[in-house]
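**Q** Next up is a structure, given as structure tokens.
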Amino acid sequence: MPTLTAEALDQLFVHARTHNAFAPDPIPEATLRRLYDLMKWGPTSMNCQPARLVFVTSPEGKARLAPALSPGNLDKTLAAPATVIIATDSRFYEHLPTMFPAYDAKPMFERNAELAASTAFRNGTLQGAYLILAARSLGLDCGPMSGFDAGKLNAAFFPDGRYQANFLCNLGIGDPAAVHPRGPRLSFEEACRID
């Protein structure tokens with residue numbers, strides 16, 4: 001597999017920033033669909049694909065979201081063209097017979113709620129990272145955040161309790177003037193080891 005160009009790596013990683021302000025232009029539904037069509041190919045354990053996404057773009061949707069947001073995330077989220085709720089499906093394993101036909105893995109999760117919850121959270125978070133990379137690859141900027149009241153958000157968007165919100169991500173064309181100064185990153189020696 002060839003290495004990506006330096007420009008592509010810059011767009012995905014090196015120059016990627018958490019954006020706090022966006023141009024008001026809406027994101028076309030076709031772009032949101034393309035974003036999902038890219039991110040869905042990222043691998044998950046047993047192809048479990050537990051992430052469930054809600055693209056909140058309407059004034060009505062933003063009004064439902066607002067009471068769950070922390071004060072520091074309120075204005076930027078209401079102004080963003082789209083806010084994605086990255087949630088996990090607590091019964092993702094119901095799709096395993098189709099998504100993972102190698103063997104019958106569904107009973108393993110049906111009988112073990114703790115295993116199902118940890119698998120959903122881990123792999124749903126991974127899929128949220130794929131979403132960010134897919135968005136950046138399509139020229140969108142991202143503002144991932146976790147400052148919200150999960151209980152209020154779940155009650156507003158997932159009242160039956162099957163899905164659980166993990167984190168939020170604002171999407172759009174970011175305003176570079178509104179980003180905070182770039183913070184440092186840990187060195188390889190600080191964050192890694194080779195055994």
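Just remember, in the structure tokens the first chain shown is A, the second B, etc., residues are 1-based per chain, and ligands are 1-based in the order shown.
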I need the residues in stretch 36-72 of chain A that are helix (DSSP H, G or I) according to DSSP; give them as a list in words.
**A**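 Checking each residue of stretch 36-72 of chain A, the helix (DSSP H, G or I) ones are Tyr36, Asp37, Leu38, Met39, Ser45, Met46, Asn47, Pro59, Glu60, Gly61, Lys62, Ala63, Arg64, Leu65, Ala66, Pro67, Ala68, Pro71 and Gly72 of chain A.
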**Q** Give me the residues near stretch 76-82 of chain A as a list in words, where near means some atom within 8 Å (using only C-alpha atoms) and where sequence neighbours in that chain fewer than 2 positions away do not count.
**A**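 What passes the distance filter is Asn20, Ala21, Phe22, Ala23, Pro24, Asp25, Pro26, Ile27, Phe55, Val56, Thr57, Lys62, Ala66, Asn73, Leu74, Val84, Asn170, Leu171 and Gly172 of chain A.
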**Q** For a test of reading the model, state the distance in Å between atom CA of A:Trp41 and atom CA of A:Gln127, rounded to one decimal.
**A**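 Here the two named atoms are 9.4 Å from each other.
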**Q** Find the residues near A:Ser118: any atom within 12 Å, counting only C-alpha atoms, skip ones fewer than 2 places away on the same chain, and give them as a ChimeraX atom specification.
**A** /A:45,50,88-92,109,112-116,120-125
**Q** Keeping only N, CA and C atoms, write the selected residues to a file as a short mmCIF file (atom, residue, chain, number, x, y, z; two decimals), in the first residue's frame.
**A**
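Result written to out_23.cif:
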data_model
loop_
_atom_site.label_atom_id
_atom_site.label_comp_id
_atom_site.auth_asym_id
_atom_site.auth_seq_id
_atom_site.Cartn_x
_atom_site.Cartn_y
_atom_site.Cartn_z
N SER A 45 -13.81 -4.59 16.07
CA SER A 45 -13.67 -5.99 16.47
C SER A 45 -14.94 -6.75 16.09
N PRO A 50 -20.73 -0.66 16.42
CA PRO A 50 -21.75 -0.22 17.38
C PRO A 50 -22.10 1.26 17.32
N THR A 88 -23.52 4.87 21.00
CA THR A 88 -23.30 3.44 20.84
C THR A 88 -24.61 2.69 21.04
N ASP A 89 -24.76 1.65 20.27
CA ASP A 89 -25.95 0.79 20.34
C ASP A 89 -25.67 -0.32 21.35
N SER A 90 -26.42 -0.32 22.44
CA SER A 90 -26.19 -1.32 23.49
C SER A 90 -26.54 -2.73 23.02
N ARG A 91 -27.29 -2.85 21.93
CA ARG A 91 -27.63 -4.16 21.39
C ARG A 91 -27.05 -4.35 19.98
N PHE A 92 -25.85 -3.82 19.80
CA PHE A 92 -25.17 -3.95 18.50
C PHE A 92 -25.09 -5.39 18.06
N PHE A 109 -22.40 -11.94 23.69
CA PHE A 109 -22.73 -10.60 24.17
C PHE A 109 -24.10 -10.56 24.82
N ASN A 112 -23.65 -11.51 28.42
CA ASN A 112 -22.66 -10.80 29.23
C ASN A 112 -22.80 -9.29 28.98
N ALA A 113 -23.61 -8.64 29.79
CA ALA A 113 -23.89 -7.21 29.61
C ALA A 113 -22.63 -6.37 29.74
N GLU A 114 -21.74 -6.75 30.65
CA GLU A 114 -20.50 -5.98 30.84
C GLU A 114 -19.62 -6.06 29.60
N LEU A 115 -19.49 -7.24 29.01
CA LEU A 115 -18.71 -7.40 27.79
C LEU A 115 -19.34 -6.62 26.64
N ALA A 116 -20.66 -6.68 26.53
CA ALA A 116 -21.35 -5.94 25.48
C ALA A 116 -21.12 -4.44 25.63
N ALA A 120 -19.05 -2.18 22.99
CA ALA A 120 -19.75 -1.09 22.32
C ALA A 120 -19.01 0.23 22.52
N PHE A 121 -18.61 0.50 23.76
CA PHE A 121 -17.94 1.77 24.04
C PHE A 121 -16.60 1.86 23.32
N ARG A 122 -15.80 0.82 23.40
CA ARG A 122 -14.47 0.82 22.78
C ARG A 122 -14.57 0.99 21.27
N ASN A 123 -15.39 0.20 20.64
CA ASN A 123 -15.48 0.23 19.19
C ASN A 123 -16.26 1.42 18.67
N GLY A 124 -17.24 1.88 19.45
CA GLY A 124 -17.96 3.10 19.07
C GLY A 124 -17.07 4.32 19.11
N THR A 125 -16.17 4.36 20.10
CA THR A 125 -15.20 5.45 20.19
C THR A 125 -14.25 5.39 19.00
#
**Q** Smallest atom-to-atom distance to A:Gly143: which of A:Thr83, A:Thr18, A:Gln49, A:Ser58, using only C-alpha atoms?
**A**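 Under the stated criterion, the closest residue is A:Thr18.
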**Q** Find the residues near A:Ala68: any atom within 12 Å, counting only C-alpha atoms, skip ones fewer than 6 places away on the same chain, and give them as an MDAnalysis selection string.
**A** chainID A and resid 61:62 74 77:78 85 146:157 165 167:168
**Q** Give the strand (DSSP E) residues of stretch 18-65 of chain A, as assigned by DSSP on the backbone, as JSON, numbers by chain.
**A** {"A": [51, 52, 53, 54, 55, 56]}
**Q** Name the closest residue to A:Gln164 among the candidates A:Ile86, A:Leu65, A:Leu131, A:Leu4; distances are taken between atoms, counting only C-alpha atoms.
**A**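 Smallest separation from A:Gln164 among the options: A:Ile86.
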